[in-house]
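The file structure-v6.cif contains mmCIF, C-alpha atoms:
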data_data
loop_
_atom_site.label_atom_id
_atom_site.label_comp_id
_atom_site.auth_asym_id
_atom_site.auth_seq_id
_atom_site.Cartn_x
_atom_site.Cartn_y
_atom_site.Cartn_z
CA MET S 184 18.52 10.46 -14.74
CA ILE S 185 17.23 7.46 -12.79
CA ILE S 186 14.22 7.97 -10.54
CA LYS S 187 13.37 5.36 -7.91
CA GLY S 188 10.69 5.34 -5.27
CA TYR S 189 8.09 3.63 -3.16
CA PRO S 190 4.59 4.56 -1.95
CA SER S 191 3.35 4.96 1.63
CA SER S 192 0.86 2.17 0.94
CA THR S 193 0.49 -0.44 -1.79
CA SER S 194 -3.30 0.06 -1.96
CA VAL S 195 -5.70 2.90 -1.22
CA TYR S 196 -9.36 3.83 -1.63
CA PRO S 197 -10.66 6.73 -3.74
CA GLY S 198 -10.37 9.96 -1.74
CA GLU S 199 -7.33 8.80 0.23
CA GLU S 200 -3.89 10.41 0.13
CA LEU S 201 -0.85 8.47 -1.03
CA ASP S 202 2.68 9.68 -0.23
CA PHE S 203 5.61 9.07 -2.58
CA TYR S 204 9.20 8.65 -1.40
CA LEU S 205 11.43 9.40 -4.37
CA SER S 206 15.11 9.71 -5.22
CA SER S 207 16.74 10.88 -8.43
CA ASP S 208 20.34 10.22 -9.45
CA PRO S 209 21.50 12.83 -10.25
CA PRO S 210 19.09 15.09 -8.30
CA VAL S 211 16.60 17.10 -10.36
CA THR S 212 16.47 20.75 -9.30
CA GLU S 213 13.92 21.99 -11.84
CA PRO S 214 10.18 21.13 -11.95
CA VAL S 215 9.37 17.52 -12.90
CA THR S 216 6.04 16.06 -14.01
CA LEU S 217 5.17 12.48 -13.10
CA GLU S 218 2.44 10.54 -14.87
CA ILE S 219 0.12 8.36 -12.80
CA GLU S 220 -1.11 5.90 -15.43
CA TYR S 221 -4.19 3.72 -15.08
CA VAL S 222 -3.18 0.25 -16.31
CA CYS S 223 -6.10 -2.09 -15.61
CA GLY S 224 -9.29 -2.36 -13.57
CA THR S 225 -12.93 -1.38 -13.89
CA SER S 226 -12.49 1.01 -16.82
CA PHE S 227 -11.43 0.12 -20.35
CA GLU S 228 -10.49 3.71 -21.17
CA SER S 229 -6.86 4.79 -20.96
CA PHE S 230 -6.24 7.78 -18.74
CA SER S 231 -3.58 9.34 -16.56
CA TYR S 232 -3.23 11.91 -13.83
CA TYR S 233 -0.26 14.27 -13.79
CA LEU S 234 1.65 15.37 -10.72
CA LYS S 235 3.96 18.39 -11.09
CA LEU S 236 6.81 18.58 -8.60
CA GLU S 237 7.89 22.23 -8.56
CA GLU S 238 10.93 21.51 -6.37
CA GLY S 239 12.20 18.60 -8.50
CA ILE S 240 13.37 15.33 -6.97
CA PRO S 241 16.31 15.10 -4.54
CA PHE S 242 18.92 12.39 -4.40
CA GLN S 243 18.33 10.19 -1.35
CA PRO S 244 21.07 7.63 -0.70
CA GLU S 245 20.52 3.96 -0.13
CA PRO S 246 21.02 3.21 3.57
CA PRO S 247 24.24 1.37 4.53
CA LYS S 248 24.06 -2.44 4.34
CA GLU S 249 24.88 -2.66 8.06
CA SER S 250 21.42 -1.21 8.82
CA SER S 251 19.70 -4.10 6.95
CA PRO S 252 17.69 -1.80 4.62
CA TRP S 253 16.10 -4.81 2.87
CA ALA S 254 14.36 -5.54 6.19
CA THR S 255 14.02 -2.12 7.82
CA GLY S 256 13.23 -0.04 4.74
CA PHE S 257 14.96 2.95 3.20
CA ASN S 258 13.33 5.62 5.40
CA TRP S 259 13.55 8.28 2.70
CA GLU S 260 11.91 11.66 3.13
CA LYS S 261 8.49 12.12 1.54
CA VAL S 262 8.80 14.08 -1.71
CA CYS S 263 5.14 14.51 -2.64
CA SER S 264 1.59 13.31 -2.08
CA PHE S 265 -1.33 12.56 -4.38
CA ILE S 266 -4.98 12.43 -3.36
CA ILE S 267 -6.83 9.75 -5.29
CA PRO S 268 -9.90 11.48 -6.78
CA ALA S 269 -13.13 10.61 -4.94
CA ASP S 270 -14.52 9.27 -8.22
CA GLY S 271 -11.25 7.52 -9.12
CA GLN S 272 -11.45 4.18 -10.89
CA SER S 273 -10.39 1.12 -8.96
CA GLY S 274 -7.52 -0.75 -10.54
CA PHE S 275 -3.77 -0.97 -10.96
CA TYR S 276 -1.71 2.21 -11.47
CA GLN S 277 1.92 2.98 -12.28
CA VAL S 278 3.78 6.18 -11.51
CA LYS S 279 6.02 6.99 -14.48
CA HIS S 280 8.58 9.54 -15.58
CA GLY S 281 8.60 9.37 -19.36
CA ASP S 282 8.82 5.65 -20.18
CA GLU S 283 10.49 4.86 -16.85
CA LYS S 284 8.17 3.08 -14.40
CA VAL S 285 8.85 4.16 -10.82
CA ILE S 286 6.06 2.97 -8.48
CA ASN S 287 3.07 0.58 -8.58
CA PHE S 288 -0.08 0.87 -6.47
CA VAL S 289 -3.70 -0.29 -6.43
CA VAL S 290 -6.89 1.71 -5.94
CA LYS S 291 -9.49 -0.50 -4.27
CA GLN S 292 -13.26 -0.46 -4.81
CA ILE S 293 -15.14 1.18 -1.95
CA HIS S 294 -17.87 -1.46 -2.30
CA PRO S 295 -16.16 -4.64 -3.58
CA GLY S 296 -18.23 -6.44 -6.20
CA SER S 297 -20.34 -3.39 -7.05
CA VAL S 298 -18.68 -2.88 -10.45
CA SER S 299 -17.24 -6.32 -11.18
CA LYS S 300 -17.67 -9.76 -9.70
CA ILE S 301 -14.05 -10.63 -10.56
CA VAL S 302 -11.17 -9.87 -8.20
CA PHE S 303 -7.65 -9.50 -9.55
CA GLN S 304 -4.96 -9.88 -6.91
CA TYR S 305 -1.68 -8.25 -7.82
CA ALA S 306 1.19 -10.29 -6.36
CA MET S 307 2.90 -7.41 -4.51
CA ASN S 308 4.33 -9.79 -1.90
CA THR S 309 6.06 -11.76 -4.67
CA ALA S 310 7.44 -8.57 -6.23
CA GLN S 311 8.85 -7.54 -2.83
CA ALA S 312 10.28 -11.03 -2.21
CA TYR S 313 12.30 -10.79 -5.46
CA ASN S 314 13.23 -7.12 -4.92
CA THR S 315 16.97 -6.84 -4.17
CA ALA S 316 16.92 -3.13 -3.15
CA GLY S 317 19.03 -2.74 -0.04
CA GLY S 318 21.19 -5.76 -0.83
CA LYS S 319 19.09 -8.87 -0.28
CA CYS S 320 15.87 -10.58 -1.25
CA VAL S 321 14.00 -13.66 -0.05
CA TYR S 322 14.99 -15.79 -3.06
CA GLU S 323 18.75 -15.33 -3.17
CA SER S 324 21.14 -18.07 -2.15
CA VAL S 325 20.26 -19.76 1.14
CA ARG S 326 23.42 -18.61 2.94
CA ASP S 327 22.80 -14.91 2.19
CA ARG S 328 19.05 -14.59 1.79
CA ALA S 329 16.75 -12.24 3.64
CA TYR S 330 14.17 -13.74 5.97
CA LYS S 331 12.25 -10.48 6.21
CA VAL S 332 11.76 -7.70 3.65
CA SER S 333 10.31 -4.21 3.87
CA PHE S 334 7.79 -2.68 1.48
CA ASN S 335 9.50 0.69 2.06
CA ARG S 336 12.09 0.10 -0.67
CA PRO S 337 12.19 1.06 -4.34
CA GLY S 338 12.24 -1.50 -7.11
CA ALA S 339 9.23 -3.80 -6.65
CA LEU S 340 7.86 -3.20 -10.14
CA ILE S 341 5.37 -5.41 -11.94
CA ASP S 342 7.40 -5.24 -15.14
CA PRO S 343 11.13 -4.95 -14.53
CA PRO S 344 12.74 -3.76 -17.77
CA ASP S 345 15.12 -6.72 -17.96
CA LEU S 346 12.33 -9.34 -18.26
CA ALA S 347 10.39 -10.42 -21.36
CA ILE S 348 6.58 -10.08 -21.29
CA SER S 349 6.26 -13.85 -20.87
CA GLN S 350 8.15 -13.48 -17.55
CA LYS S 351 5.72 -10.82 -16.28
CA PRO S 352 2.55 -12.85 -15.69
CA ASP S 353 0.65 -10.14 -13.75
CA LEU S 354 1.22 -7.54 -16.46
CA PHE S 355 0.48 -10.04 -19.23
CA PHE S 356 -2.80 -11.03 -17.53
CA MET S 357 -3.77 -7.37 -16.98
CA GLN S 358 -3.22 -6.63 -20.66
CA TRP S 359 -5.31 -9.68 -21.58
CA LEU S 360 -8.14 -8.61 -19.24
CA ARG S 361 -8.18 -5.12 -20.71
CA SER S 362 -8.03 -6.28 -24.35
CA ASN S 363 -10.97 -8.63 -23.67
CA LYS S 364 -12.89 -5.92 -21.83
CA ILE S 365 -13.10 -7.87 -18.57
CA ALA S 366 -13.54 -5.56 -15.58
CA VAL S 367 -11.84 -6.51 -12.32
#

Would you put the structure from the file into structure tokens?
Amino acid sequence: MIIKGYPSSTSVYPGEELDFYLSSDPPVTEPVTLEIEYVCGTSFESFSYYLKLEEGIPFQPEPPKESSPWATGFNWEKVCSFIIPADGQSGFYQVKHGDEKVINFVVKQIHPGSVSKIVFQYAMNTAQAYNTAGGKCVYESVRDRAYKVSFNRPGALIDPPDLAISQKPDLFFMQWLRSNKIAV
């Protein structure tokens, strides 16, 4: 089973709702539990939230190439929502199914600088520029590259499974920050 998805927003504040647009191939018709893992931020403790999807996860097809889905988005139906706890830690999170990473998002500090004087900027624009979901990305060959990309596409992960850790600078830096107990 391969689960793909994207969030309604790449960053939210504690207390806000985040929608998830998911697709599973093949579709999952029984209940599924997703893990929302805290990766890095103001806390040095590991923790996760769990989201149980009683209805499973449907298969949602990739739009046809003629509709330019790399630029217009996939327009999948919302599968579920998650309300970030009001006391939720700011930082970087990943939605996972088992070891499979599905979605990245950031929880922002309500009062920036109140917990840490260091800002970590996750390069979501870069991840989207290299994301080939829908058929194109910004960095492909000049004759067939996209000049506009949508964030409403699956696949813009911070640590694609086919890259070594040395090729994942954001993830490498987040691990370094956490191991050195540097809050961001």

Please check which residues have atoms at most 7 Å from (5.7, 7.6, -8.9) in the file's coordinates, counting only C-alpha atoms, and write them as a PDB file with C-alpha atoms, in the coordinates of the input.
ATOM      1  CA  GLY S 188      10.690   5.340  -5.270  1.00  0.00           C
ATOM      2  CA  PHE S 203       5.610   9.070  -2.580  1.00  0.00           C
ATOM      3  CA  LEU S 217       5.170  12.480 -13.100  1.00  0.00           C
ATOM      4  CA  ILE S 219       0.120   8.360 -12.800  1.00  0.00           C
ATOM      5  CA  GLN S 277       1.920   2.980 -12.280  1.00  0.00           C
ATOM      6  CA  VAL S 278       3.780   6.180 -11.510  1.00  0.00           C
ATOM      7  CA  LYS S 279       6.020   6.990 -14.480  1.00  0.00           C
ATOM      8  CA  VAL S 285       8.850   4.160 -10.820  1.00  0.00           C
ATOM      9  CA  ILE S 286       6.060   2.970  -8.480  1.00  0.00           C
TER      10      ILE S 286
END

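The residue that comes closest to Ser231 in chain S, out of S:Met357, S:Trp259, S:Thr193, S:Pro268 and on the basis of all atoms listed in the file, is S:Pro268.
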
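Nearest residue to Arg361 in chain S among S:Val222, S:Leu236, S:Val289, S:Cys263 is S:Val222, counting only C-alpha atoms.
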
Inset, instruction - Find the spatial neighbours of range 248-255 of chain S, counting all atoms listed in the file, within a cut-off of 7 Å - ignore same-chain residues fewer than 4 positions away - and output them as a PyMOL selection string. - result: chain S and resi 316-319+331-333

Inset, instruction - Compare S:Val321, S:Cys223, S:Met184, S:Val367 by their minimum atom-to-atom distance to Val298 in chain S, counting all atoms listed in the file, and give me the closest one. - result: S:Val367

Inset, instruction - Apply the PyMOL selection byres ((chain S and resi 336) around 7) to the file shown and report the selected residues as a VMD selection string. - result: chain S and resid 189 256 to 257 316 333 to 335 337 to 338

Inset, instruction - Give the answer as one residue: which of S:Thr225, S:Gln243, S:Asn287, S:Thr315 has the shortest atom-to-atom distance to Gly271 in chain S, using all atoms listed in the file? - result: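 Smallest separation from Gly271 in chain S among the options: S:Thr225.
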
Legend entry - Minimum-distance residue to Phe230 in chain S, chosen among S:Gly274, S:Val215, S:Ser299, S:Asp208 (using all atoms listed in the file):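 The closest residue to Phe230 in chain S is S:Gly274.
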
Inset, instruction - Write out as a list in words each polymer residue whose atoms come within 6 Å of Pro241 in chain S, counting only C-alpha atoms; drop sequence neighbours fewer than 4 positions from it. - result: Ser206, Ser207 and Pro210 of chain S

Inset, instruction - Could you jot down the CA of Lys187 in chain S to CA of Phe303 in chain S separation for me, Å, one decimal place? - result: 25.8 Å

Legend entry - Nearest residue to Pro246 in chain S from the set S:Ser264, S:Leu201, S:Val290, S:Asn258 (distances using only C-alpha atoms):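 When distances to Pro246 in chain S are compared using only C-alpha atoms, the smallest one comes from S:Asn258.
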
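Between CA of Ser297 in chain S and CA of Ser229 in chain S the separation is 21.0 Å.
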
Inset, instruction - List the residues selected by the PyMOL selection byres ((chain S and resi 226) around 7) in the file shown, writing them as a VMD selection string. - result: chain S and resid 224 to 225 227 to 228 272 366

Legend entry - Interatomic distance, CA of Tyr233 in chain S to CA of His280 in chain S (Å, one decimal): 10.2 Å

I would like the residues chosen by the PyMOL selection byres ((chain S and resi 214) around 10) on the shown file; could you give them as an mmCIF file with C-alpha atoms, keeping the file's coordinate frame?
data_model
loop_
_atom_site.group_PDB
_atom_site.id
_atom_site.type_symbol
_atom_site.label_atom_id
_atom_site.label_comp_id
_atom_site.auth_asym_id
_atom_site.auth_seq_id
_atom_site.Cartn_x
_atom_site.Cartn_y
_atom_site.Cartn_z
ATOM 1 C CA VAL S 211 16.600 17.100 -10.360
ATOM 2 C CA THR S 212 16.470 20.750 -9.300
ATOM 3 C CA GLU S 213 13.920 21.990 -11.840
ATOM 4 C CA VAL S 215 9.370 17.520 -12.900
ATOM 5 C CA THR S 216 6.040 16.060 -14.010
ATOM 6 C CA LYS S 235 3.960 18.390 -11.090
ATOM 7 C CA LEU S 236 6.810 18.580 -8.600
ATOM 8 C CA GLU S 237 7.890 22.230 -8.560
ATOM 9 C CA GLU S 238 10.930 21.510 -6.370
ATOM 10 C CA GLY S 239 12.200 18.600 -8.500
ATOM 11 C CA ILE S 240 13.370 15.330 -6.970
#

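Within the 8 Å cut-off around Ala269 in chain S, using all atoms listed in the file and omitting residues fewer than 4 positions from it on the same chain, the listed residues are Pro197, Gly198 and Glu199 of chain S.
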
N, CA and C atoms are what I want for range 250-265 of chain S; can you complete it accordingly and write them as an mmCIF file, in the frame of the given file?
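To be explicit, this is the file written out as result_35.cif:
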data_model
loop_
_atom_site.group_PDB
_atom_site.id
_atom_site.type_symbol
_atom_site.label_atom_id
_atom_site.label_comp_id
_atom_site.auth_asym_id
_atom_site.auth_seq_id
_atom_site.Cartn_x
_atom_site.Cartn_y
_atom_site.Cartn_z
ATOM 1 N N SER S 250 22.713 -1.511 8.200
ATOM 2 C CA SER S 250 21.420 -1.210 8.820
ATOM 3 C C SER S 250 20.303 -2.125 8.321
ATOM 4 N N SER S 251 20.657 -3.126 7.496
ATOM 5 C CA SER S 251 19.700 -4.100 6.950
ATOM 6 C C SER S 251 18.518 -3.418 6.244
ATOM 7 N N PRO S 252 18.779 -2.544 5.251
ATOM 8 C CA PRO S 252 17.690 -1.800 4.620
ATOM 9 C C PRO S 252 16.676 -2.685 3.896
ATOM 10 N N TRP S 253 17.058 -3.902 3.496
ATOM 11 C CA TRP S 253 16.100 -4.810 2.870
ATOM 12 C C TRP S 253 14.999 -5.184 3.864
ATOM 13 N N ALA S 254 15.318 -5.157 5.152
ATOM 14 C CA ALA S 254 14.360 -5.540 6.190
ATOM 15 C C ALA S 254 13.726 -4.339 6.892
ATOM 16 N N THR S 255 14.498 -3.270 7.058
ATOM 17 C CA THR S 255 14.020 -2.120 7.820
ATOM 18 C C THR S 255 13.479 -0.998 6.949
ATOM 19 N N GLY S 256 13.703 -1.082 5.648
ATOM 20 C CA GLY S 256 13.230 -0.040 4.740
ATOM 21 C C GLY S 256 14.281 1.041 4.528
ATOM 22 N N PHE S 257 14.000 1.911 3.559
ATOM 23 C CA PHE S 257 14.960 2.950 3.200
ATOM 24 C C PHE S 257 14.784 4.233 4.010
ATOM 25 N N ASN S 258 13.605 4.446 4.565
ATOM 26 C CA ASN S 258 13.330 5.620 5.400
ATOM 27 C C ASN S 258 13.660 6.943 4.714
ATOM 28 N N TRP S 259 13.341 7.039 3.423
ATOM 29 C CA TRP S 259 13.550 8.280 2.700
ATOM 30 C C TRP S 259 12.523 9.320 3.143
ATOM 31 N N GLU S 260 12.836 10.573 2.874
ATOM 32 C CA GLU S 260 11.910 11.660 3.130
ATOM 33 C C GLU S 260 10.810 11.655 2.063
ATOM 34 N N LYS S 261 9.597 12.008 2.487
ATOM 35 C CA LYS S 261 8.490 12.120 1.540
ATOM 36 C C LYS S 261 8.770 13.280 0.587
ATOM 37 N N VAL S 262 8.577 13.038 -0.715
ATOM 38 C CA VAL S 262 8.800 14.080 -1.710
ATOM 39 C C VAL S 262 7.487 14.737 -2.126
ATOM 40 N N CYS S 263 6.415 13.958 -2.219
ATOM 41 C CA CYS S 263 5.140 14.510 -2.640
ATOM 42 C C CYS S 263 4.007 13.586 -2.223
ATOM 43 N N SER S 264 2.794 14.085 -2.367
ATOM 44 C CA SER S 264 1.590 13.310 -2.080
ATOM 45 C C SER S 264 0.622 13.472 -3.239
ATOM 46 N N PHE S 265 -0.284 12.515 -3.349
ATOM 47 C CA PHE S 265 -1.330 12.560 -4.380
ATOM 48 C C PHE S 265 -2.616 12.072 -3.733
#
